[in-house]
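Text of the file data-v3.cif, holding mmCIF, C-alpha atoms and all ligand atoms:
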data_work
#
loop_
_atom_site.label_atom_id
_atom_site.label_comp_id
_atom_site.auth_asym_id
_atom_site.auth_seq_id
_atom_site.Cartn_x
_atom_site.Cartn_y
_atom_site.Cartn_z
CA MET A 1 114.66 49.83 191.85
CA LYS A 2 114.62 46.14 192.42
CA ARG A 3 118.01 44.54 193.07
CA ARG A 4 118.60 41.04 191.81
CA ALA A 5 120.82 38.26 192.90
CA PHE A 6 123.86 38.79 190.77
CA LEU A 7 126.47 36.10 190.41
CA LYS A 8 129.60 37.62 191.80
CA GLY A 9 132.62 37.82 189.63
CA ALA A 10 130.91 36.08 186.74
CA ALA A 11 130.62 38.81 184.36
CA ALA A 12 132.75 41.83 183.96
CA ALA A 13 131.54 42.87 180.56
CA GLY A 14 133.86 42.00 177.75
CA ALA A 15 135.24 39.09 179.78
CA ALA A 16 136.10 35.87 178.03
CA ALA A 17 133.15 33.76 176.90
CA LEU A 18 131.58 31.85 179.73
CA VAL A 19 131.36 28.36 178.39
CA PRO A 20 129.13 26.09 180.42
CA ALA A 21 130.54 22.88 181.82
CA GLY A 22 127.53 20.79 180.87
CA VAL A 23 123.87 20.93 180.18
CA ALA A 24 122.55 19.59 183.44
CA GLY A 25 123.04 21.76 186.45
CA THR A 26 125.09 24.33 184.60
CA ALA A 27 125.43 27.64 186.35
CA PHE A 28 126.65 30.32 184.08
CA THR A 29 125.56 33.82 183.52
CA ALA A 30 126.52 37.14 182.17
CA CYS A 31 125.30 39.86 184.42
CA ARG A 32 126.55 42.95 186.07
CA PRO A 33 126.06 44.81 189.32
CA ARG A 34 124.18 48.06 189.32
CA GLU A 35 127.07 50.19 190.48
CA ALA A 36 129.06 49.36 187.37
CA ALA A 37 126.20 50.04 185.01
CA GLY A 38 125.89 53.72 185.83
CA ASP A 39 123.10 55.76 187.38
CA ALA A 40 120.61 55.41 184.59
CA ALA A 41 120.51 51.65 184.51
CA GLU A 42 119.67 48.97 187.01
CA GLY A 43 122.10 46.28 185.87
CA TRP A 44 121.11 43.07 184.19
CA ASP A 45 120.69 39.41 184.79
CA PHE A 46 120.06 37.27 181.73
CA ASP A 47 119.27 34.28 183.95
CA GLU A 48 116.11 35.92 185.22
CA VAL A 49 112.91 34.33 183.90
CA ILE A 50 110.58 37.19 183.05
CA ASP A 51 106.83 36.77 182.92
CA ARG A 52 105.68 38.18 179.59
CA SER A 53 102.01 37.36 180.11
CA GLY A 54 99.61 40.25 179.66
CA THR A 55 102.02 42.13 177.38
CA TRP A 56 100.36 41.09 174.10
CA SER A 57 103.54 39.32 173.09
CA ILE A 58 103.13 37.76 169.63
CA LYS A 59 105.63 35.05 170.57
CA TYR A 60 103.67 33.90 173.61
CA GLY A 61 100.30 34.38 171.90
CA ARG A 62 101.00 31.26 169.86
CA ALA A 63 101.80 29.14 172.91
CA THR A 64 98.21 28.24 173.70
CA ASN A 65 98.97 24.95 175.47
CA GLY A 66 101.83 25.93 177.73
CA GLU A 67 104.53 25.31 175.11
CA THR A 68 107.80 27.25 175.27
CA PRO A 69 107.69 29.63 172.30
CA MET A 70 111.08 29.65 170.54
CA TRP A 71 110.09 31.05 167.18
CA ILE A 72 109.68 34.80 166.34
CA ALA A 73 112.91 36.74 166.78
CA ASP A 74 112.64 38.67 170.00
CA MET A 75 114.44 37.71 173.20
CA ASP A 76 113.02 36.90 176.61
CA PHE A 77 115.58 39.13 178.31
CA ARG A 78 114.78 42.56 179.62
CA THR A 79 115.28 45.27 177.04
CA ASP A 80 118.62 47.07 177.35
CA PRO A 81 118.51 49.02 180.64
CA TYR A 82 119.82 52.26 179.11
CA VAL A 83 117.00 52.26 176.57
CA ARG A 84 114.41 51.66 179.26
CA ALA A 85 115.92 54.44 181.37
CA ALA A 86 115.89 56.86 178.42
CA LEU A 87 112.25 56.10 177.66
CA ARG A 88 111.29 56.52 181.30
CA THR A 89 113.09 59.85 181.54
CA ARG A 90 111.39 61.12 178.42
CA LEU A 91 107.94 60.05 179.59
CA ASP A 92 108.52 61.83 182.87
CA ARG A 93 108.90 65.10 180.98
CA ASP A 94 105.17 64.85 180.22
CA VAL A 95 104.94 66.57 176.83
CA LEU A 96 104.96 64.20 173.86
CA GLY A 97 104.43 66.85 171.22
CA TYR A 98 105.30 66.87 167.52
CA THR A 99 108.98 66.16 167.27
CA SER A 100 111.54 66.45 164.52
CA THR A 101 114.21 63.83 163.94
CA PRO A 102 117.25 65.41 165.62
CA GLN A 103 120.79 65.47 164.31
CA ALA A 104 121.67 63.53 167.49
CA PHE A 105 119.80 60.52 166.02
CA ILE A 106 121.94 60.58 162.87
CA ASP A 107 125.12 61.25 164.86
CA ALA A 108 124.46 58.26 167.14
CA ILE A 109 124.02 55.94 164.14
CA ALA A 110 127.13 57.28 162.38
CA ALA A 111 129.24 56.85 165.52
CA TRP A 112 127.86 53.36 166.10
CA GLU A 113 128.60 52.19 162.55
CA ARG A 114 132.16 53.42 162.95
CA GLN A 115 132.77 51.98 166.40
CA THR A 116 130.96 48.66 165.93
CA HIS A 117 131.41 47.78 162.27
CA GLY A 118 134.40 49.90 161.26
CA TYR A 119 132.26 51.67 158.67
CA ALA A 120 132.31 55.46 158.34
CA PRO A 121 129.35 56.53 156.22
CA GLU A 122 128.87 60.24 155.55
CA LYS A 123 126.19 61.57 157.87
CA GLU A 124 124.14 62.79 154.93
CA TRP A 125 123.82 59.19 153.70
CA ILE A 126 121.92 58.23 156.85
CA GLY A 127 118.19 58.71 157.31
CA TYR A 128 115.36 57.63 159.55
CA ALA A 129 113.49 54.60 158.19
CA PRO A 130 110.10 53.44 159.49
CA GLY A 131 111.03 49.84 160.48
CA VAL A 132 113.20 47.54 158.44
CA ILE A 133 110.50 45.62 156.58
CA THR A 134 108.25 48.64 156.00
CA SER A 135 111.26 50.50 154.65
CA ILE A 136 112.34 47.65 152.41
CA ASN A 137 108.78 47.45 151.09
CA GLN A 138 109.00 51.15 150.36
CA ALA A 139 112.18 50.45 148.39
CA TYR A 140 110.30 47.90 146.24
CA LEU A 141 107.65 50.55 145.56
CA THR A 142 110.24 53.21 144.79
CA PHE A 143 112.64 51.30 142.59
CA THR A 144 110.51 48.61 140.92
CA GLU A 145 107.23 48.31 139.04
CA PRO A 146 104.48 45.70 139.45
CA GLY A 147 105.58 42.53 137.65
CA ASP A 148 109.29 43.27 138.11
CA ARG A 149 111.49 40.48 139.47
CA ILE A 150 113.21 40.76 142.86
CA ILE A 151 115.77 38.13 143.83
CA ILE A 152 115.91 36.53 147.27
CA GLN A 153 118.32 33.86 148.51
CA PRO A 154 116.41 31.17 150.40
CA PRO A 155 116.24 29.75 152.90
CA VAL A 156 115.71 33.34 154.04
CA TYR A 157 113.56 35.52 156.28
CA ASP A 158 110.02 34.85 155.10
CA HIS A 159 108.80 38.46 155.02
CA PHE A 160 110.94 39.19 151.97
CA ARG A 161 108.89 36.91 149.72
CA LEU A 162 105.64 37.75 151.51
CA TYR A 163 105.76 41.47 150.75
CA ILE A 164 107.35 41.19 147.32
CA GLU A 165 104.28 39.15 146.35
CA ARG A 166 101.77 41.30 148.25
CA LEU A 167 103.08 44.30 146.37
CA GLY A 168 102.61 42.60 143.00
CA ARG A 169 106.29 41.96 142.25
CA VAL A 170 107.75 38.54 141.47
CA ALA A 171 110.06 36.88 144.00
CA VAL A 172 112.78 34.91 142.26
CA ASP A 173 114.82 32.34 144.18
CA ASN A 174 118.58 32.12 144.02
CA PRO A 175 118.91 29.39 146.69
CA LEU A 176 121.96 29.24 148.91
CA ILE A 177 124.24 26.23 148.42
CA LEU A 178 124.88 23.99 151.43
CA GLU A 179 128.18 22.11 151.25
CA ASN A 180 129.81 20.26 154.14
CA GLY A 181 127.61 22.00 156.67
CA ARG A 182 128.45 25.47 155.32
CA TYR A 183 126.23 27.76 153.26
CA ARG A 184 127.36 30.03 150.44
CA MET A 185 125.70 32.20 147.81
CA ASP A 186 125.28 30.78 144.30
CA LEU A 187 126.90 33.68 142.47
CA GLU A 188 127.10 31.85 139.13
CA GLY A 189 123.41 30.98 139.43
CA LEU A 190 122.66 34.60 140.24
CA GLU A 191 124.26 35.87 137.04
CA ARG A 192 122.18 33.42 134.97
CA LEU A 193 118.98 34.37 136.79
CA ILE A 194 119.06 38.09 136.09
CA ASP A 195 117.02 39.29 133.12
CA SER A 196 115.72 42.65 131.95
CA ARG A 197 112.80 42.58 134.44
CA THR A 198 115.09 41.89 137.39
CA LYS A 199 115.41 45.15 139.29
CA ALA A 200 116.51 44.31 142.83
CA LEU A 201 118.07 41.72 145.09
CA VAL A 202 117.36 41.49 148.81
CA LEU A 203 120.47 40.56 150.75
CA CYS A 204 120.07 39.29 154.28
CA ASN A 205 123.32 40.42 155.89
CA PRO A 206 123.82 38.68 158.33
CA HIS A 207 121.67 35.92 156.91
CA ASN A 208 118.57 34.93 158.86
CA PRO A 209 117.66 32.03 159.55
CA ILE A 210 121.18 30.61 159.39
CA GLY A 211 123.01 33.38 161.24
CA LEU A 212 125.72 33.75 158.61
CA LEU A 213 128.10 36.69 158.45
CA TRP A 214 128.83 37.18 154.76
CA ASP A 215 132.49 37.44 153.79
CA ARG A 216 133.87 40.44 151.95
CA GLU A 217 134.68 38.52 148.80
CA SER A 218 131.14 37.18 148.30
CA LEU A 219 129.71 40.63 148.96
CA ALA A 220 132.13 42.25 146.50
CA ARG A 221 131.29 39.73 143.78
CA LEU A 222 127.59 40.16 144.43
CA ALA A 223 127.98 43.93 144.08
CA GLU A 224 129.81 43.58 140.77
CA ILE A 225 127.22 41.24 139.28
CA CYS A 226 124.33 43.46 140.36
CA ASP A 227 126.07 46.60 139.15
CA ARG A 228 126.73 45.06 135.74
CA HIS A 229 123.01 44.33 135.32
CA GLY A 230 121.57 47.49 136.88
CA VAL A 231 120.12 45.57 139.84
CA ILE A 232 119.95 47.38 143.18
CA VAL A 233 120.96 45.55 146.38
CA ILE A 234 118.68 46.02 149.37
CA SER A 235 120.79 44.95 152.33
CA ASP A 236 118.87 44.04 155.49
CA GLU A 237 121.40 44.41 158.32
CA ILE A 238 119.08 44.19 161.31
CA HIS A 239 121.08 41.34 162.90
CA GLY A 240 124.47 43.00 162.28
CA ASP A 241 124.96 44.32 165.82
CA LEU A 242 124.84 40.74 167.12
CA ALA A 243 127.97 39.39 165.43
CA LEU A 244 129.31 36.72 167.79
CA TYR A 245 132.67 35.18 168.79
CA GLY A 246 134.51 38.48 168.37
CA ARG A 247 133.70 38.56 164.64
CA ARG A 248 132.63 41.67 162.77
CA HIS A 249 129.60 42.26 160.59
CA THR A 250 130.40 43.80 157.20
CA PRO A 251 128.00 46.55 156.07
CA PHE A 252 127.35 45.92 152.39
CA CYS A 253 128.00 49.48 151.21
CA SER A 254 131.37 49.52 152.98
CA ILE A 255 132.80 46.86 150.68
CA SER A 256 133.62 48.89 147.57
CA GLU A 257 132.62 51.88 145.49
CA THR A 258 130.53 49.54 143.42
CA ALA A 259 128.65 48.28 146.48
CA ALA A 260 128.11 51.87 147.63
CA ARG A 261 126.66 52.68 144.18
CA VAL A 262 124.19 49.77 144.04
CA GLY A 263 123.43 49.29 147.73
CA LEU A 264 120.87 50.51 150.25
CA ILE A 265 121.33 49.44 153.87
CA PHE A 266 118.41 49.02 156.27
CA ALA A 267 119.16 48.34 159.93
CA GLY A 268 118.20 49.30 163.45
CA PRO A 269 118.78 48.58 167.14
CA THR A 270 115.62 46.48 167.59
CA LYS A 271 117.18 42.98 167.53
CA ALA A 272 120.37 43.57 169.50
CA PHE A 273 118.77 45.70 172.20
CA ASN A 274 115.49 43.79 172.27
CA LEU A 275 113.08 46.54 171.23
CA ALA A 276 111.14 44.82 168.45
CA GLY A 277 107.85 46.13 169.82
CA LEU A 278 109.04 49.69 169.13
CA SER A 279 108.23 49.02 165.51
CA GLY A 280 109.18 51.86 163.23
CA THR A 281 112.63 51.95 164.81
CA ALA A 282 115.18 51.70 162.00
CA PHE A 283 117.44 53.69 159.70
CA CYS A 284 118.77 53.56 156.19
CA ILE A 285 122.20 54.29 154.74
CA ILE A 286 122.13 55.17 151.05
CA PRO A 287 125.48 56.47 149.73
CA ASP A 288 124.32 57.06 146.15
CA ARG A 289 122.81 60.54 145.96
CA GLU A 290 120.25 59.82 143.24
CA LYS A 291 118.91 56.72 144.98
CA ARG A 292 118.90 58.49 148.33
CA GLU A 293 116.94 61.49 147.09
CA LYS A 294 114.46 59.28 145.31
CA TYR A 295 114.01 57.02 148.34
CA LEU A 296 113.78 59.70 151.02
CA GLY A 297 111.43 61.66 148.75
CA ALA A 298 109.16 58.62 148.54
CA LEU A 299 109.18 58.27 152.33
CA ARG A 300 108.27 61.95 152.66
CA ASN A 301 105.43 61.64 150.18
CA ALA A 302 104.00 58.74 152.17
CA LYS A 303 104.55 60.68 155.43
CA LEU A 304 106.77 57.89 156.67
CA ASP A 305 109.72 60.17 157.34
CA GLU A 306 108.99 61.24 160.91
CA ALA A 307 110.69 59.28 163.66
CA PRO A 308 108.45 58.66 166.68
CA ILE A 309 109.74 59.89 170.05
CA PRO A 310 110.40 56.35 171.44
CA THR A 311 112.44 55.54 168.33
CA ILE A 312 114.59 58.65 168.71
CA GLU A 313 115.18 58.16 172.42
CA ALA A 314 115.76 54.41 172.14
CA THR A 315 118.18 54.64 169.23
CA ILE A 316 120.31 57.32 170.83
CA ALA A 317 120.37 55.41 174.13
CA ALA A 318 121.16 52.05 172.47
CA TYR A 319 123.87 53.38 170.19
CA ARG A 320 126.07 54.71 172.98
CA LYS A 321 129.80 54.25 173.50
CA ASP A 322 129.47 51.89 176.44
CA THR A 323 128.86 48.44 174.94
CA ALA A 324 129.11 46.50 178.21
CA TRP A 325 125.49 45.32 178.16
CA LEU A 326 125.67 44.21 174.52
CA GLU A 327 128.98 42.42 175.02
CA SER A 328 127.56 40.71 178.07
CA LEU A 329 124.47 39.67 176.10
CA LYS A 330 126.59 38.26 173.27
CA ARG A 331 128.64 36.19 175.75
CA TYR A 332 125.38 34.85 177.18
CA ILE A 333 124.10 33.92 173.71
CA GLU A 334 127.41 32.19 172.96
CA GLY A 335 126.94 30.27 176.22
CA ASN A 336 123.45 29.20 175.09
CA ILE A 337 124.81 28.12 171.71
CA ALA A 338 127.40 26.02 173.54
CA LEU A 339 124.58 24.39 175.51
CA VAL A 340 122.78 23.50 172.29
CA GLU A 341 125.92 22.16 170.62
CA GLN A 342 126.91 20.11 173.60
CA PHE A 343 123.42 18.71 173.98
CA PHE A 344 123.19 17.51 170.37
CA ALA A 345 126.76 16.19 170.47
CA GLU A 346 125.94 14.10 173.54
CA ASN A 347 122.50 13.02 172.35
CA ASP A 348 122.40 11.37 168.95
CA LEU A 349 118.85 12.28 167.97
CA GLY A 350 119.36 12.85 164.24
CA ILE A 351 119.39 16.64 164.77
CA LYS A 352 122.45 18.78 164.04
CA PRO A 353 122.77 22.46 164.95
CA ILE A 354 124.53 24.81 162.54
CA ARG A 355 126.44 27.31 164.63
CA PRO A 356 125.24 30.89 164.04
CA GLU A 357 127.89 33.58 163.61
CA ALA A 358 125.40 36.29 164.49
CA SER A 359 122.15 36.63 166.46
CA PHE A 360 120.27 34.32 168.80
CA LEU A 361 118.74 31.90 166.31
CA VAL A 362 120.04 28.38 165.76
CA TRP A 363 119.30 26.55 162.50
CA LEU A 364 118.71 22.90 163.32
CA ASP A 365 119.25 20.34 160.58
CA CYS A 366 116.65 17.64 161.24
CA ARG A 367 116.83 16.00 157.80
CA ALA A 368 118.35 12.78 159.14
CA LEU A 369 115.12 12.14 161.02
CA GLY A 370 113.41 11.62 157.65
CA LEU A 371 110.17 13.12 158.95
CA PRO A 372 107.75 15.04 156.74
CA GLN A 373 107.82 18.73 157.77
CA ASP A 374 104.35 18.63 159.34
CA ALA A 375 105.28 15.63 161.48
CA LEU A 376 108.54 17.32 162.48
CA MET A 377 106.73 20.46 163.61
CA ASP A 378 104.06 18.40 165.30
CA THR A 379 106.66 16.46 167.33
CA PHE A 380 108.34 19.69 168.46
CA ARG A 381 105.04 21.25 169.42
CA ASN A 382 103.03 18.41 170.87
CA GLN A 383 105.71 16.15 172.29
CA ALA A 384 108.67 18.41 173.09
CA LYS A 385 106.24 21.21 173.94
CA ILE A 386 108.28 23.88 172.23
CA ILE A 387 107.44 26.01 169.23
CA PRO A 388 110.38 26.62 166.90
CA SER A 389 110.06 28.42 163.53
CA ASN A 390 109.19 26.12 160.67
CA GLY A 391 112.20 25.77 158.35
CA ALA A 392 109.86 25.35 155.37
CA SER A 393 108.54 28.89 155.86
CA TYR A 394 111.94 30.23 154.75
CA GLY A 395 111.45 28.79 151.26
CA THR A 396 113.60 26.52 149.11
CA GLY A 397 116.09 24.55 151.18
CA GLY A 398 114.20 25.03 154.43
CA GLU A 399 112.44 21.64 154.51
CA GLY A 400 113.88 19.35 157.16
CA PHE A 401 115.06 22.30 159.29
CA VAL A 402 113.69 24.33 162.15
CA ARG A 403 114.97 27.60 163.59
CA LEU A 404 115.31 27.71 167.35
CA ASN A 405 115.27 31.05 169.17
CA ILE A 406 117.69 30.68 172.07
CA GLY A 407 117.37 34.27 173.31
CA CYS A 408 116.10 33.05 176.66
CA PRO A 409 117.48 32.18 180.11
CA ALA A 410 119.73 29.10 180.10
CA SER A 411 117.33 27.35 182.49
CA VAL A 412 114.49 27.67 179.97
CA LEU A 413 116.73 26.44 177.16
CA THR A 414 118.00 23.50 179.21
CA ALA A 415 114.45 22.43 180.07
CA ALA A 416 113.46 22.69 176.38
CA LEU A 417 116.45 20.55 175.36
CA SER A 418 115.54 17.81 177.81
CA ARG A 419 112.04 17.70 176.38
CA ILE A 420 113.56 17.44 172.89
CA ARG A 421 115.55 14.42 174.12
CA LYS A 422 112.36 12.75 175.35
CA ALA A 423 110.40 13.58 172.21
CA PHE A 424 113.01 12.55 169.64
CA GLY A 425 114.93 9.89 171.62
CA LYS A 426 114.57 6.41 170.21
C1 LIG B 501 116.16 39.71 158.65
C2 LIG B 501 115.05 40.47 159.32
N1 LIG B 501 114.68 41.66 158.80
C3 LIG B 501 113.70 42.39 159.38
C4 LIG B 501 113.04 41.94 160.50
C5 LIG B 501 111.93 42.76 161.07
O1 LIG B 501 112.30 44.10 161.15
P1 LIG B 501 111.26 45.24 161.51
O2 LIG B 501 110.53 44.76 162.73
O3 LIG B 501 112.07 46.46 161.76
O4 LIG B 501 110.36 45.35 160.34
C6 LIG B 501 113.41 40.71 161.06
C7 LIG B 501 112.70 40.19 162.24
O5 LIG B 501 112.83 39.05 162.62
C8 LIG B 501 114.45 39.96 160.46
O6 LIG B 501 114.86 38.80 160.97
#
Here is the file; what I need is its structure written in the form of structure tokens.
Amino acid sequence: MKRRAFLKGAAAAGAAALVPAGVAGTAFTACRPREAAGDAAEGWDFDEVIDRSGTWSIKYGRATNGETPMWIADMDFRTDPYVRAALRTRLDRDVLGYTSTPQAFIDAIAAWERQTHGYAPEKEWIGYAPGVITSINQAYLTFTEPGDRIIIQPPVYDHFRLYIERLGRVAVDNPLILENGRYRMDLEGLERLIDSRTKALVLCNPHNPIGLLWDRESLARLAEICDRHGVIVISDEIHGDLALYGRRHTPFCSISETAARVGLIFAGPTKAFNLAGLSGTAFCIIPDREKREKYLGALRNAKLDEAPIPTIEATIAAYRKDTAWLESLKRYIEGNIALVEQFFAENDLGIKPIRPEASFLVWLDCRALGLPQDALMDTFRNQAKIIPSNGASYGTGGEGFVRLNIGCPASVLTAALSRIRKAFGK
């Protein structure tokens, strides 16, 4: 296996955050020698620039003129080495026959929820789910009828609205409130919005594109309101394993008995361990027996209840006890966020980053530039030569913003920031 140049002493996993000294010429990393990573893995080096050409990457497919793609939410780092090792080992056994979802898959998820989020769901509440969005769509089909209203809280992950509408339901906005650079849910507005056709609310927990970790009090109040009106809460927790700065993600159903009654959690290892291309890799946690039986029955009827072999192997390998790689990754992401913050603090371009509390996506407030959204996107793409996600695609409140994917080597990020300075500098 190829050995890389590891920065000595830089990165015992779990070490204090490595904060870069400055944007230019910064050398910081979070990597680990092979010996310490165990036999199965080859170590890691998040500074390595990996050529993704020829891999049918959706992210790079959009970069037709040599731009740096910083939009769709996968990272440019190698997938977790333990996952790759597990997949390799399985492939080497040759037979990829029909496979049942083993108890080990459920056990790994249960142990992970306990160890990482301090949540101890009963094992029988946990089930395989065929990808987070596919599974959420299945929840719309199971618990709502065409024409029913489903609440979303924009600016929010665009696929919520997309599939609510494709499936003939009505997406209803309860926009987040932005006050003094901080977002919160409009819980009073939510209560007013619910009517007899409102059957579900999709909670993005943590909230993409802003990277917010929701606090217990907001989640508890949300649960009470939804319970009072018979509205189910579909909690998308795909970014939960990437809570930063030593903070913890709060699984919605862990909040209270009420939340456990109204809530369905959908999550998976795909974001944190960089396995998005293993689509169909997710799980659900549904504490309420009636909802669980109805939902899992619907999955069975659609033959969506069988976990593929890569999903089983990858989930068990990712959700292990040893979190050194993930901790190391999170420190690296925090280092990249520090680069972004320092850059915009030192360069008054009319762009302000909002610090994410989870994940590798930074929400950039570009409203002070006063540019129409098309011109904003055009300047990023054609002058700065980077492709961020368009803030407007996340719905109400997204105009004037872009979302920057910083899940890339610091050298790539630094180069992108200097091009932003040239493009937006006066
Ligand atoms: C909030 C959120 N949910 C779901 C997904 C996609 O999940 P999956 O690929 O499992 O459908 C993403 C991907 O960016 C996301 O940000």
Ligand LIG 501 (chain B): which residues are within 8 Å, counting only C-alpha atoms and all ligand atoms? Reply as number ranges by chain.
A: 72-74, 130-135, 156-157, 159, 204-209, 236-239, 267-268, 270-271, 276-277, 279-282
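For stretch 149-153 of chain A, the list of residues within 8 Å, based on all atoms listed in the file and with local chain neighbours fewer than 5 positions off taken out, reads A:Phe160, A:Arg161, A:Ile164, A:Arg169, A:Val170, A:Ala171, A:Val172, A:Asp173, A:Asn174, A:Pro175, A:Leu176, A:Met185, A:Arg197, A:Thr198, A:Lys199, A:Ala200, A:Leu201, A:Val202, A:Leu203.
With all atoms listed in the file as the basis for measurement, A:Leu264 is the residue among A:Leu162, A:Ile337, A:Leu264, A:Ala86 that approaches A:Tyr295 most closely.
Using all atoms listed in the file, the nearest neighbour of A:Gly397 within the list A:Phe424, A:Tyr183, A:Phe283, A:Phe143 is A:Tyr183.
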Take the point (119.0, 27.0, 166.0) in the file's coordinates, draw a sphere of radius 9 Å around it, and report as a ChimeraX atom specification every protein, DNA or RNA residue with an atom inside or on it, counting all atoms listed in the file.
/A:209-211,337,340,353-356,360-365,388,402-406
Write out as a PyMOL selection string which residues come within 8 Å of A:Thr396 when counting all atoms listed in the file, dropping same-chain ones fewer than 2 positions away.
chain A and resi 154-155+173+175+392+394+398-399
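Across the structure, atom CA of A:Glu67 and atom CA of A:Cys366 are spaced 20.0 Å apart.
One distance worth recording is that between atom CA of A:Asn65 and atom CA of A:Lys385, which is 8.3 Å.
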note - atom CA of A:Ile106 and atom CA of A:Gly230 are separated by 29.1 Å
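Here the question is which of A:Ala338, A:Ile387, A:Leu376, A:Leu278 gets nearest to A:Thr79 using only C-alpha atoms, and that residue is A:Leu278.
If you count only C-alpha atoms and ignore residues fewer than 6 places along the chain from A:Lys294, what sits within 12 Å of it is Gln138, Ala139, Leu141, Thr142, Phe143, Leu264, Ile286, Asp288, Arg300 and Asn301 of chain A.
For the point (117.5, 34.1, 177.4), the residues with an atom at a distance of at most 8 Å are A:Phe46, A:Asp47, A:Val49, A:Met75, A:Asp76, A:Phe77, A:Tyr332, A:Ile333, A:Ile406, A:Gly407, A:Cys408, A:Pro409, A:Ala410, A:Val412, A:Leu413, counting all atoms listed in the file.
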Preceding selection exported with C-alpha atoms as a CSV table (one decimal), in the frame of the given file:
chain,number,residue,atom,x,y,z
A,46,PHE,CA,120.1,37.3,181.7
A,47,ASP,CA,119.3,34.3,184.0
A,49,VAL,CA,112.9,34.3,183.9
A,75,MET,CA,114.4,37.7,173.2
A,76,ASP,CA,113.0,36.9,176.6
A,77,PHE,CA,115.6,39.1,178.3
A,332,TYR,CA,125.4,34.8,177.2
A,333,ILE,CA,124.1,33.9,173.7
A,406,ILE,CA,117.7,30.7,172.1
A,407,GLY,CA,117.4,34.3,173.3
A,408,CYS,CA,116.1,33.0,176.7
A,409,PRO,CA,117.5,32.2,180.1
A,410,ALA,CA,119.7,29.1,180.1
A,412,VAL,CA,114.5,27.7,180.0
A,413,LEU,CA,116.7,26.4,177.2
Quick one: of A:Tyr163, A:Arg192, A:Ala243, A:Ser100, who's nearest to A:Glu327, counting all atoms listed in the file?
A:Ala243
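For the set A:Ala120, A:Ala272, A:Met70, A:Leu417, the residue with the smallest atom-to-atom gap to A:Phe344 is A:Leu417, counting all atoms listed in the file.
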